[in-house]
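Enquirer: Sending over a structure as C-alpha cells; questions will come in a sec.
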Number of protein chains: 2
Amino acid sequence: MIEILKNKMTPESILTAGFGVEREGLRVTQQGRLALTPHPPIFGDKLKNPYITTDFSESQIELVTPVFYSVDETYDFLEALTDIVIGEIGENNELFWPYSMPCNIPDDKQIPIASYQGEEGKKARAYREKLMVKYGGKRQLISGIHYNFSFSEDFLTTLWQELGTQESYKEFKDRIYLKVLRNFLRYRWLIIYLMGCTPGLHNSYIEECLQCMGDCGNETYLSPGGTSARNGSCSGYKNEIDLYPDYSSIKDYIRSINEFVERGDISEAKELYAQIRLKPKDYRNVLDSLEKEGIQYLEIRTIDLNVFDKCGIAKIDLEFMNIFMLFLLLEGEEFFDTWQQEALINEVAVAEHGLEPDLELLDHRHWTLKTAWADDILEKVAEVNEYLGLNQEQCIKEMQNRVRQPETTYAHRLKLLMQENGCLDANLEMAKAYKKQSDADHYRLKGFESWEMSTQILIKEALTRGIKVVPMDAADNIVRLEKNGHREYVKQATKTSVDNYITPLLMENKVVTKKILQENGLPVPDGEEYFSFQEAKQKLAKYVGKKVVIKPKSTNFGLGICIFDQGGTLAELFEGARIAFEHDDTILIEDYIPGLEYRFLTMGDEVVAVLHRRPANVIGDGVSTIQQLIDEKNKHPYRGDGHTSPLKKIELDDQSQMFLKKQGLSNQSVPPKGEMIFLRGNSNISTGGDSIDFTEKMHPYFSEIALKAAKAFDAKFCGIDIILADYRNPDSNYGIIELNFNPMIVMHAYPYEGQERRLGYNILKTIGLVD
Amino acid sequence: MIEILKNKMTPESILTAGFGVEREGLRVTQQGRLALTPHPPIFGDKLKNPYITTDFSESQIELVTPVFYSVDETYDFLEALTDIVIGEIGENNELFWPYSMPCNIPDDKQIPIASYQGEEGKKARAYREKLMVKYGGKRQLISGIHYNFSFSEDFLTTLWQELGTQESYKEFKDRIYLKVLRNFLRYRWLIIYLMGCTPGLHNSYIEECLQCMGDCGNETYLSPGGTSARNGSCSGYKNEIDLYPDYSSIKDYIRSINEFVERGDISEAKELYAQIRLKPKDYRNVLDSLEKEGIQYLEIRTIDLNVFDKCGIAKIDLEFMNIFMLFLLLEGEEFFDTWQQEALINEVAVAEHGLEPDLELLDHRHWTLKTAWADDILEKVAEVNEYLGLNQEQCIKEMQNRVRQPETTYAHRLKLLMQENGCLDANLEMAKAYKKQSDADHYRLKGFESWEMSTQILIKEALTRGIKVVPMDAADNIVRLEKNGHREYVKQATKTSVDNYITPLLMENKVVTKKILQENGLPVPDGEEYFSFQEAKQKLAKYVGKKVVIKPKSTNFGLGICIFDQGGTLAELFEGARIAFEHDDTILIEDYIPGLEYRFLTMGDEVVAVLHRRPANVIGDGVSTIQQLIDEKNKHPYRGDGHTSPLKKIELDDQSQMFLKKQGLSNQSVPPKGEMIFLRGNSNISTGGDSIDFTEKMHPYFSEIALKAAKAFDAKFCGIDIILADYRNPDSNYGIIELNFNPMIVMHAYPYEGQERRLGYNILKTIGLVD
C-alpha cells in the first residue's frame, strides 16, 4: 500500500485530508465561576449556527469548523471562531475557560441545561435532561476536542484502483476506515500521553473524583502522575459499563450496537462514548446511514483542550495527527480476543499514570515499558514520513521530545502552574492573556488575512451570527453567505445583488453623476469637461486665480485630483490638467467649494456612518520634535501598512518635507503645545490621514441629503462626499463632490477618533441576511 | 447690439441656438396613391410618441425632433427619424412621399382622419373632423417643415445684462422675439423664394387649384413661374380671410387674437395659420401661458419640403436659417399702417411668380426689383457674418447663387423633373432612392454614429416606439430611456438596472463561474488554476499531448486563449501559458471539449438568439485565387472596420498567411469549387469571422441549458458559450466554456448568414419599457 502512495501520489496529495475540529469550552466569570447567563443572542439559533453553538449546558460553547483540506486552514478557522467567541462573551465581561475540566461550578440544580428553539430543540433539551439524571451535571461540563478526519477522495480512489480489489468503492472505504479505527483504539494511549492536559480538578467538581487525586490547597486537587483526568476511569465522561463494539465490519458493528441498546446499556447509538466514532452521512439515522452510504469520516474524542493554546489545540498537534492517521492505516494489526480490553487498560494507565517514568503497558499481551513502546511507534511514524518524503520531521521530533522529556508535556507543565496558582487562577490567567491577544487583533480575522479588511469585517460578522460563509475566490474577495436557504454572493464587502448593475456604472462617470444629482435638485459644483490636454490648455487661462478643482472624469480614491483653493497660476493649472489627464481621457474643472469634506456612508435606507478625514498631522507638546511626534503617533495599534491595518503609519516623505518647508518647518522643529501641524495637503487615509467619526455629531439635514443622493441612483451601498462649511448648521453652504459605489468601510469600522461602527451587521441587514 | 455680441460672445456661442424641426409627410403606395392603412402600430400611441406621430390624416406622418443646440445635431436626429419611418413603412411596402403637395389622393370621404386613443384623443379627432368640414380634406394633406427657433439663454442674458434696460428678463425676451417675428414677416418672401419647392400639383388635387396652373399632361399641373404653391393664395392652407394680429407686444397680440375668436374668424388661437407663431411653454393654454411665462420660441411654417433631401430640408438651409434669424434680430424696422398687408402681397407674389426674372415687390411702399432686394438683404446677412466672424460664408453664397441663378432653385429643378416624368413618378423616384439609401444604412443611426452599434440598435428601437431617449454620455454609451414616467439608464445596450451588480462580478471571474455552474449541475470543462508562470511551467509537462485550452482567468472577447485541440508540445504549452499570463495574473488550463462553439444570447427568461462564429474563410469557385475570393467576400455590405459595420473585412495578415502556408496554400492558390478554405484558427468577428444565425435551428435542449446557466447567476442579459458536437442532437456531449455579462448583440442583429434579430425590442422588453 505504501508503494502505491509513493509511486502514484505526491507528498502534498498524500497529506491532503479532510480535517474538522469541534472545540467545547465553558463561559466563566472573571472569578472563574460558571457563567449562568444565556448563550449570547448574537450567535443566533443554536440549532442553525453551524459554527458556534452550545453543547450540554447553556454555558458550554461549542465551536465547529467546517471540513478543510489542510491543517493550516482548519487551525486558522478555529482561531477565527475562538477570537469571535472571546470577543463577544468579553462584551459581557465573561472569559472563555481554556481547560477541559470544569471551572468553579455550582450544584447540578444550578447548572443551566442548554435551551433550544422549535420542535427539534425540544428533543435536544429532553435528551440533555435525561443525561443530567443519568450522569450528573458536573461531568457534562467536561470540554474537549473532537477531531474529525477523512482521507481525500483522491487518496482513496487511487488506493482502490491501484489495489485492484474485488470490493466496491464503498466496501473498500469502510474497510480502510475500520482498520484505522481499530489501530487508533490500540494506540490511543499514545495520544493521551502526548496531548493529555487534565492533571487536576477544581474542588467544586464531583467529590468522589476529587478523592482519586491529591489536595494541594488553593481549591485544587492534582494527580501526581496523571496526564488526563478526562480520559481516566474516575473523573472522565464514560459509559456506565465498558462496552466493546465489534469493529470487524460495518455489519458487525451495527449488530453489536443494536445489542447494547436492546440490553439497555445505552439508549441509542450516540450515547456510546467511544474514543473514536464512525461517522455517517446522515447524523439523524446513524446506523442506517452507515450501512447504506458507508463511513464518511472518523471522529476522535481523545484529545484534551490544550490550555497553552488559545484555540484549545496546537497546530503542531494537528500536524502530527495528520501523519499519525496515515501511520494507523499503514500499520499492520494482530487480532486476539482481548485486544479491546488491553487497549482500555493502556488508556486508563496512561491517563492516570502517564507521567510516571517506569509505567508499563500491555503490548499484545506483554508488559512493555511505555517510553520504549512510544519511541518505537514514533520511529515507525518517522519512517513513513521519510519514505514518502512528507516533510513532517518537526512535529514527529516534538512528540519524541514529549516522550523522552515528560516535563515538556502539557500535563506536566499545567500541573506545575496549578500547584503554584491553583486551578482557577492558573487557567484564568491563560484566559485573560488570550482575551488580550484577541482584542489587540480584533480587526483581523484569522485564516482570512489575505482578504481585504472590509471583507474580513463582513465574514467575521457572518460567522458570529451563524451565517454560512463559503469563500469563492480570495484573490477577488468574493464570498457566498447562506442562511435558511437564502444565498448572497458578495464581492469586496459591499458589491452585492441588492444594487443594480447600472448604479455603479452611472456613478463611475462623474459627468453623468453630476447631471443626475442636478436633476434631483442636489447641489454640485459648476464645472466643465475637457476631452484633450490640447483643448484644456487653450481654455485654462480663464481659471487663473479662481478657486477650482481639476480632476479626472472617472477613477476613484482621489487619484489625479488637484485642488486650487487659493486659485492657481497658469503654470499650476497646466500641471493640474496634465496630472488629471494621466488618469483619464476626459477631465473636469469645477468650482472649489469651501469647507470640510465629510464622507457619508449609506446602506439601504440608512446613513450608517459619517466621517471626516484629516490630512496626516501631529499635535505639538512643546517638547518633542515633529519627527518624535510622528514616531509616537505611529505607535497607535491601528497604524500599519494601511492594507492589513485600519490606518497607515505617517511617513515623512519628500512631499511631506516640502509641505513642512512651505510652513517654515522641518522634522526637527518643536511645535508649541496643542498646535496641530499638518504634514500634507490631502486627507487620504492611505497617506497617513486621520479618520474621525462624525456619525452622531453631523446635523441630520446633511445625512438626509446624502441619502437623497444615494437614492437618486437607487444605490444601496454608497459613499457620498459632501463639502460643507459647518456640520452643526443645516443652513451651511454645501456641495456634493463625489459618489462612491464601492465605499471604504474600514475607516468607519476602525476610526482614529470616535466610535467604531459595526458595519458588518449593516451589510448583512442590507442584503437581508439578518433582520 | 451687434457690438455687445462681438465683444462679449464667441462666434460659436452666438450661433448656438435652440433648433427643432417638425416634418410632415404622407405614406403612399408604390404607385403614389395615399396609403389607406393605419399608422404603423410599432410607433405606438400617437399622443405619447414624442418623435413620430400623425398630423391631420392617419396617413400623414409627422416627425418631431427635440430641441438641439446645433444644426448638425438637429439634422442628424431628423435623418434618424426619417430613416426609421422609411424603414418601418417599407415593411408594409409603402413609401414616404417627399413632396409638400399631396400624392394621388382620393375623395375627401376616403381620406382617413387620424384616430387617437383616450380622452385627449377624442378631442384631437373632433378638432380634425371640424377642420375637414371647414377646409376640406385634400388641403389638410399638405405637408411642410415647421422650424422652431430659440436664442440660447447665454445669448439672451448676455444681451439683457449688457443692454442694461429697465425691463425684466421676461419682458426683454418677449420684445426680442416679437422683433424677430415682425422682421420675419417682412422678409419671409425671401425664404419662400430660396426654399420654395411646390411648383405643381397632381391632378387629384382640388379642381379650383388645378385651374390656377397649367396642365402639362402626365396627371400633372405646373405653375410656370411659381416657387411655392403651398404658400400661394390658391392651393395653400390658409385662413378663410387674411388676419393681421397685432405683434406690437404680447398684450396686444393676445387682445387681437381674442378679437378674431370673438368675431368667429377662427375657433381658437391655434387655428391661426400664420407663417410664424409665438410659442408658449404650455401648449394647452397658449395665450395664458404666453402672457404669464413669455415667449419660449418661434415656429416658422414657411418652408416647403425639399424633395431633393431625404429629410425634407437640406442642412445648408438650416445653417442659413440660423444666421438669418440673427440678422432679423439685428436689422432695424420701419413701421407703417400696412406693413403686414405689404408683406402678404410679397409672399403671394413670390410664391406664385418667384421664378419670373422681372418680378417686383413692395419694399416699404415702393416697388422694387425682387432680385436686387434679395441681393441687398443677403449682402446685409453677409456683413453680419463677416463682422462677427461667424464663418457662414458657404450657406450665404449658396443663397446668393439661388437668387442670381433661379434655375438652381428647388422649385425650378423640381418643375423640370415634373414636366418630364409627371408629378407622381418624379416624386416616387425620389422616394425610392431615399428608401434604398435608408436600407443600405439600416444598421447605422444618424446622429448616433459615435455610439457603439449596439447602443444605436437600442436607441433606434426606442425612438421608433416613442420611448424618450436622453443621451447621458456618448463616450460611455450611457443613455436614459423614458416612457410614462418609467426611467431606465442603460450603458452599452445591455448593462441595465434589471441585472444585479454582483452578477457581472461573478461572471468576470472564470473560477467562480465554473464553481457556480458545477453546483447547478451544468457541465464545464475540468481544469486547474495557476497563479504564476513559474508555477505553471513546473506543471505543464503533464499536459503534453493532451487536448487542453489555456486561458486567462478573467478578460473577455477570447483574448489570450490558446486551444490545443490536437495536444501541444511542451514548448507550445509554454508559449500558451506565457500568452495567457499577459492578460491576467491567474490562468486556467482546462480540458478541450470537441465540437463547435455556439453563442446563446439570453434576455430575461428567453434565449433570443443563437449564433455560431466561423473563422474567416472563403469558398472556392474553381477559378478565383484566394485573394480574389477574399476581395469578393469583402464587398458584402456588412463588412467594414468592424466597429461601424456589423462585420469586419478579411485581412490577409501574417498570421493568416502562416495559416494558409500550414495547409500548403498561399493567397494565389485556386481552391476547388465548393471547398471552404479557413484563413485563421480563431472565429472572432473582429478578425473577419462569419456570424451564422442558429436561433431556430438549435435544439431547444441546449437553449434550456443556456437559460439555466444564465439563471444560476440571476443574469437577465447574458451570452453563454457552449461547445457541443451536434446542434440537432440533445444527447450530444457539451460543455459551457464561458459566460459573458455584456454580450455582443450586433453579430446577432446583423449576422452574415441567417435571419436578422430585432434585439432592440428584446432589450426594451427585458427592461420593462415595452410589453
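Chain lettering (A, B, ...) mirrors the order of the C-alpha cells, residue numbering begins at 1 for each chain separately, and ligand numbering begins at 1 in order of display.
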Residues of chain A near chain B: apply a cut-off of 9 Å, count only C-alpha atoms, and supply the list as a list in words.

Expert: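 Listing them in order of chain and number gives Met472, Asp473, Asp476, Ile478, Tyr489, Val490, Lys491, Lys495, Thr496, Ser497, Val498, Asp499, Asn500, Tyr501, Ile502, Thr503, Pro504, Leu505, Leu506, Asn509, Val511, Val512 and Lys515 of chain A.
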
Enquirer: Env of Asp439 of chain B: 12 Å cut, atoms = only C-alpha atoms, seq-sep filter 6 positions within chain, self excluded. Answer as a list in words.

Expert: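 Counting only C-alpha atoms, the residues come to Thr82, Asp83, Ile84, Val85, Ile86, Gly87, Glu88, Ile89, Gly90, Glu91, Lys432, Ala433, Leu445 and Pro637 of chain B.
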
Enquirer: Put those residues in a file: all heavy atoms, as an mmCIF file, in the first residue's frame.

Expert:
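Dumped to out-v9.cif:
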```cif
data_model
loop_
_atom_site.group_PDB
_atom_site.id
_atom_site.type_symbol
_atom_site.label_atom_id
_atom_site.label_comp_id
_atom_site.auth_asym_id
_atom_site.auth_seq_id
_atom_site.Cartn_x
_atom_site.Cartn_y
_atom_site.Cartn_z
ATOM 1 N N THR B 82 -36.235 59.982 -40.008
ATOM 2 C CA THR B 82 -36.641 59.741 -41.397
ATOM 3 C C THR B 82 -36.302 58.310 -41.800
ATOM 4 O O THR B 82 -37.128 57.595 -42.371
ATOM 5 C CB THR B 82 -35.915 60.739 -42.318
ATOM 6 O OG1 THR B 82 -36.153 62.067 -41.844
ATOM 7 C CG2 THR B 82 -36.426 60.613 -43.750
ATOM 8 N N ASP B 83 -35.082 57.878 -41.463
ATOM 9 C CA ASP B 83 -34.676 56.505 -41.790
ATOM 10 C C ASP B 83 -35.591 55.492 -41.114
ATOM 11 O O ASP B 83 -35.960 54.477 -41.705
ATOM 12 C CB ASP B 83 -33.229 56.264 -41.346
ATOM 13 C CG ASP B 83 -32.223 56.911 -42.302
ATOM 14 O OD1 ASP B 83 -32.590 57.162 -43.476
ATOM 15 O OD2 ASP B 83 -31.087 57.172 -41.875
ATOM 16 N N ILE B 84 -35.940 55.776 -39.863
ATOM 17 C CA ILE B 84 -36.827 54.862 -39.133
ATOM 18 C C ILE B 84 -38.172 54.757 -39.830
ATOM 19 O O ILE B 84 -38.689 53.657 -40.074
ATOM 20 C CB ILE B 84 -37.005 55.337 -37.673
ATOM 21 C CG1 ILE B 84 -35.721 55.077 -36.877
ATOM 22 C CG2 ILE B 84 -38.203 54.656 -37.017
ATOM 23 C CD1 ILE B 84 -35.704 55.709 -35.492
ATOM 24 N N VAL B 85 -38.743 55.911 -40.187
ATOM 25 C CA VAL B 85 -40.066 55.898 -40.812
ATOM 26 C C VAL B 85 -40.003 55.208 -42.163
ATOM 27 O O VAL B 85 -40.836 54.346 -42.483
ATOM 28 C CB VAL B 85 -40.607 57.339 -40.948
ATOM 29 C CG1 VAL B 85 -41.781 57.379 -41.920
ATOM 30 C CG2 VAL B 85 -41.011 57.866 -39.579
ATOM 31 N N ILE B 86 -38.994 55.537 -42.963
ATOM 32 C CA ILE B 86 -38.875 54.906 -44.283
ATOM 33 C C ILE B 86 -38.749 53.393 -44.116
ATOM 34 O O ILE B 86 -39.395 52.619 -44.828
ATOM 35 C CB ILE B 86 -37.659 55.491 -45.046
ATOM 36 C CG1 ILE B 86 -37.957 56.940 -45.460
ATOM 37 C CG2 ILE B 86 -37.345 54.637 -46.279
ATOM 38 C CD1 ILE B 86 -36.782 57.666 -46.108
ATOM 39 N N GLY B 87 -37.953 52.976 -43.136
ATOM 40 C CA GLY B 87 -37.765 51.544 -42.902
ATOM 41 C C GLY B 87 -39.040 50.866 -42.461
ATOM 42 O O GLY B 87 -39.424 49.824 -43.001
ATOM 43 N N GLU B 88 -39.720 51.451 -41.495
ATOM 44 C CA GLU B 88 -40.912 50.786 -40.944
ATOM 45 C C GLU B 88 -42.056 50.732 -41.954
ATOM 46 O O GLU B 88 -42.709 49.705 -42.074
ATOM 47 C CB GLU B 88 -41.372 51.483 -39.660
ATOM 48 C CG GLU B 88 -40.418 51.325 -38.486
ATOM 49 C CD GLU B 88 -40.223 49.882 -38.033
ATOM 50 O OE1 GLU B 88 -41.069 49.024 -38.350
ATOM 51 O OE2 GLU B 88 -39.196 49.610 -37.371
ATOM 52 N N ILE B 89 -42.328 51.859 -42.652
ATOM 53 C CA ILE B 89 -43.450 51.808 -43.601
ATOM 54 C C ILE B 89 -43.045 50.959 -44.810
ATOM 55 O O ILE B 89 -43.895 50.365 -45.474
ATOM 56 C CB ILE B 89 -43.962 53.216 -44.012
ATOM 57 C CG1 ILE B 89 -42.955 53.961 -44.869
ATOM 58 C CG2 ILE B 89 -44.330 54.055 -42.783
ATOM 59 C CD1 ILE B 89 -43.492 55.293 -45.407
ATOM 60 N N GLY B 90 -41.730 50.846 -45.029
ATOM 61 C CA GLY B 90 -41.236 49.977 -46.098
ATOM 62 C C GLY B 90 -41.587 48.521 -45.850
ATOM 63 O O GLY B 90 -41.830 47.755 -46.767
ATOM 64 N N GLU B 91 -41.650 48.126 -44.577
ATOM 65 C CA GLU B 91 -42.057 46.773 -44.206
ATOM 66 C C GLU B 91 -43.438 46.464 -44.764
ATOM 67 O O GLU B 91 -43.792 45.324 -45.014
ATOM 68 C CB GLU B 91 -42.131 46.622 -42.674
ATOM 69 C CG GLU B 91 -40.808 46.729 -41.957
ATOM 70 C CD GLU B 91 -39.920 45.533 -42.204
ATOM 71 O OE1 GLU B 91 -40.418 44.412 -42.026
ATOM 72 O OE2 GLU B 91 -38.747 45.735 -42.599
ATOM 73 N N LYS B 432 -38.120 56.382 -53.746
ATOM 74 C CA LYS B 432 -37.488 55.066 -53.845
ATOM 75 C C LYS B 432 -35.983 55.172 -53.613
ATOM 76 O O LYS B 432 -35.373 54.290 -52.994
ATOM 77 C CB LYS B 432 -37.801 54.430 -55.198
ATOM 78 C CG LYS B 432 -39.239 53.923 -55.273
ATOM 79 C CD LYS B 432 -39.630 53.477 -56.671
ATOM 80 C CE LYS B 432 -41.123 53.119 -56.713
ATOM 81 N NZ LYS B 432 -41.613 52.940 -58.092
ATOM 82 N N ALA B 433 -35.395 56.232 -54.150
ATOM 83 C CA ALA B 433 -33.958 56.429 -53.948
ATOM 84 C C ALA B 433 -33.655 56.589 -52.456
ATOM 85 O O ALA B 433 -32.682 56.040 -51.942
ATOM 86 C CB ALA B 433 -33.485 57.651 -54.721
ATOM 87 N N LEU B 445 -27.405 54.590 -37.147
ATOM 88 C CA LEU B 445 -28.420 55.546 -36.734
ATOM 89 C C LEU B 445 -27.792 56.930 -36.785
ATOM 90 O O LEU B 445 -26.867 57.236 -36.025
ATOM 91 C CB LEU B 445 -28.911 55.212 -35.324
ATOM 92 C CG LEU B 445 -30.070 56.072 -34.834
ATOM 93 C CD1 LEU B 445 -31.315 55.839 -35.679
ATOM 94 C CD2 LEU B 445 -30.373 55.778 -33.363
ATOM 95 N N PRO B 637 -22.007 44.174 -47.939
ATOM 96 C CA PRO B 637 -22.270 45.499 -47.350
ATOM 97 C C PRO B 637 -22.029 45.561 -45.845
ATOM 98 O O PRO B 637 -21.827 46.635 -45.303
ATOM 99 C CB PRO B 637 -23.747 45.745 -47.666
ATOM 100 C CG PRO B 637 -24.321 44.411 -48.016
ATOM 101 C CD PRO B 637 -23.203 43.629 -48.610
#
```

Enquirer: Between B:Leu647, B:Ile677, B:Val381, B:Leu141, single out the one closest to Asp55 of chain B, counting only C-alpha atoms.

Expert: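 Result for the nearest residue to Asp55 of chain B: B:Leu141.
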
Enquirer: Can you list, as a list in words, every protein, DNA or RNA residue that comes within 10 Å of Glu171 of chain B when you count only C-alpha atoms, leaving out same-chain residues fewer than 2 positions away?

Expert: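 Near neighbours after the sequence-gap exclusion: Gln166, Glu167, Ser168, Tyr169, Lys173, Asp174, Arg175, Ile176, Ser249, Ile250, Glu293, Gly294 and Ile295 of chain B.
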
Enquirer: Mind listing the strand (DSSP E or B) residues of segment 274-474 of chain B, per DSSP on the backbone, as a compact mmCIF listing (two decimals) with N, CA, C and O atoms, in the first residue's frame?

Expert:
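Output saved as out11.txt:
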```txt
# COMPACT_ATOMS: atom_id res chain seq x y z
N ILE B 276 -45.53 82.48 -39.08
CA ILE B 276 -44.65 82.35 -37.93
C ILE B 276 -45.49 82.48 -36.67
O ILE B 276 -46.42 83.30 -36.63
N ARG B 277 -45.19 81.66 -35.67
CA ARG B 277 -46.02 81.65 -34.46
C ARG B 277 -45.16 81.89 -33.23
O ARG B 277 -44.03 81.44 -33.15
N LEU B 278 -45.79 82.56 -32.26
CA LEU B 278 -45.17 82.72 -30.94
C LEU B 278 -45.48 81.46 -30.15
O LEU B 278 -46.65 81.06 -30.06
N LYS B 279 -44.48 80.85 -29.56
CA LYS B 279 -44.75 79.58 -28.87
C LYS B 279 -44.61 79.72 -27.34
O LYS B 279 -43.64 80.28 -26.85
N TYR B 297 -40.21 80.29 -27.80
CA TYR B 297 -39.50 80.15 -29.08
C TYR B 297 -40.44 80.55 -30.20
O TYR B 297 -41.62 80.84 -29.97
N LEU B 298 -39.89 80.60 -31.43
CA LEU B 298 -40.69 80.95 -32.61
C LEU B 298 -40.84 79.72 -33.49
O LEU B 298 -39.89 78.94 -33.64
N GLU B 299 -42.02 79.59 -34.09
CA GLU B 299 -42.23 78.48 -35.03
C GLU B 299 -42.45 79.05 -36.42
O GLU B 299 -43.41 79.79 -36.62
N ILE B 300 -41.59 78.71 -37.34
CA ILE B 300 -41.70 79.18 -38.72
C ILE B 300 -42.28 78.07 -39.58
O ILE B 300 -41.80 76.93 -39.53
N GLU B 360 -41.42 92.32 -59.33
CA GLU B 360 -41.19 93.44 -58.42
C GLU B 360 -41.98 93.24 -57.14
O GLU B 360 -43.08 92.72 -57.15
N LEU B 361 -41.42 93.69 -56.03
CA LEU B 361 -42.08 93.55 -54.73
C LEU B 361 -42.20 94.91 -54.09
O LEU B 361 -41.53 95.86 -54.47
N LEU B 362 -43.04 94.98 -53.06
CA LEU B 362 -43.25 96.25 -52.36
C LEU B 362 -42.27 96.36 -51.18
O LEU B 362 -42.39 95.65 -50.18
N ASP B 363 -41.31 97.23 -51.34
CA ASP B 363 -40.34 97.43 -50.26
C ASP B 363 -40.64 98.78 -49.61
O ASP B 363 -40.31 99.83 -50.16
N HIS B 366 -42.69 100.92 -51.85
CA HIS B 366 -42.13 101.20 -53.19
C HIS B 366 -41.87 99.89 -53.90
O HIS B 366 -41.35 98.94 -53.31
N TRP B 367 -42.25 99.83 -55.18
CA TRP B 367 -41.99 98.61 -55.94
C TRP B 367 -40.49 98.53 -56.22
O TRP B 367 -39.85 99.48 -56.63
N THR B 368 -39.95 97.37 -55.98
CA THR B 368 -38.52 97.17 -56.12
C THR B 368 -38.28 95.83 -56.82
O THR B 368 -39.05 94.89 -56.61
N LEU B 369 -37.25 95.76 -57.61
CA LEU B 369 -36.94 94.50 -58.30
C LEU B 369 -36.57 93.45 -57.23
O LEU B 369 -35.70 93.68 -56.39
N LYS B 468 -38.75 58.01 -24.98
CA LYS B 468 -37.87 59.18 -24.99
C LYS B 468 -36.43 58.77 -24.72
O LYS B 468 -36.15 58.01 -23.81
N VAL B 469 -35.55 59.29 -25.57
CA VAL B 469 -34.13 58.96 -25.46
C VAL B 469 -33.37 60.19 -24.97
O VAL B 469 -33.43 61.25 -25.59
N VAL B 470 -32.72 60.07 -23.82
CA VAL B 470 -31.90 61.17 -23.29
C VAL B 470 -30.44 60.70 -23.26
O VAL B 470 -30.07 59.91 -22.40
N PRO B 471 -29.64 61.19 -24.21
CA PRO B 471 -28.23 60.77 -24.18
C PRO B 471 -27.57 61.34 -22.92
O PRO B 471 -27.72 62.51 -22.62
N MET B 472 -26.88 60.49 -22.15
CA MET B 472 -26.23 60.96 -20.93
C MET B 472 -24.74 61.18 -21.16
O MET B 472 -24.17 62.15 -20.71
N ASP B 473 -24.12 60.26 -21.86
CA ASP B 473 -22.69 60.39 -22.13
C ASP B 473 -22.34 59.47 -23.30
O ASP B 473 -22.35 58.26 -23.16
```

Enquirer: With a distance cut-off of 8 Å and only C-alpha atoms, select the neighbouring residues of His748 of chain A, excluding the residue or stretch itself and same-chain residues fewer than 3 positions from it, and output the selection as a VMD selection string.

Expert: chain A and resid 609 to 611 691 693 744 to 745 751 756 to 757 759

Enquirer: Compile the contact shell of Ile345 of chain B as a PyMOL selection string: residues with an atom at most 10 Å away, counting only C-alpha atoms, same-chain residues fewer than 3 positions apart removed.

Expert: chain B and resi 189+233+339-342+348-351+361-362

Enquirer: Which residues are near Tyr410 of chain B? Cut-off 10 Å, only C-alpha atoms, ignore same chain within fewer than 5 positions. Put them as number ranges by chain.

Expert: B: 193-199, 227-228, 304-308, 402, 415

Enquirer: Excluding Met1 of chain B and any residue of its chain fewer than 4 positions from it, enumerate the residues within 9 Å of it, using only C-alpha atoms, and give them as a list in words.

Expert: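 Skipping anything fewer than 4 positions along the chain leaves Leu5, Lys6, Leu159, Glu162, Leu163 and Leu330 of chain B.
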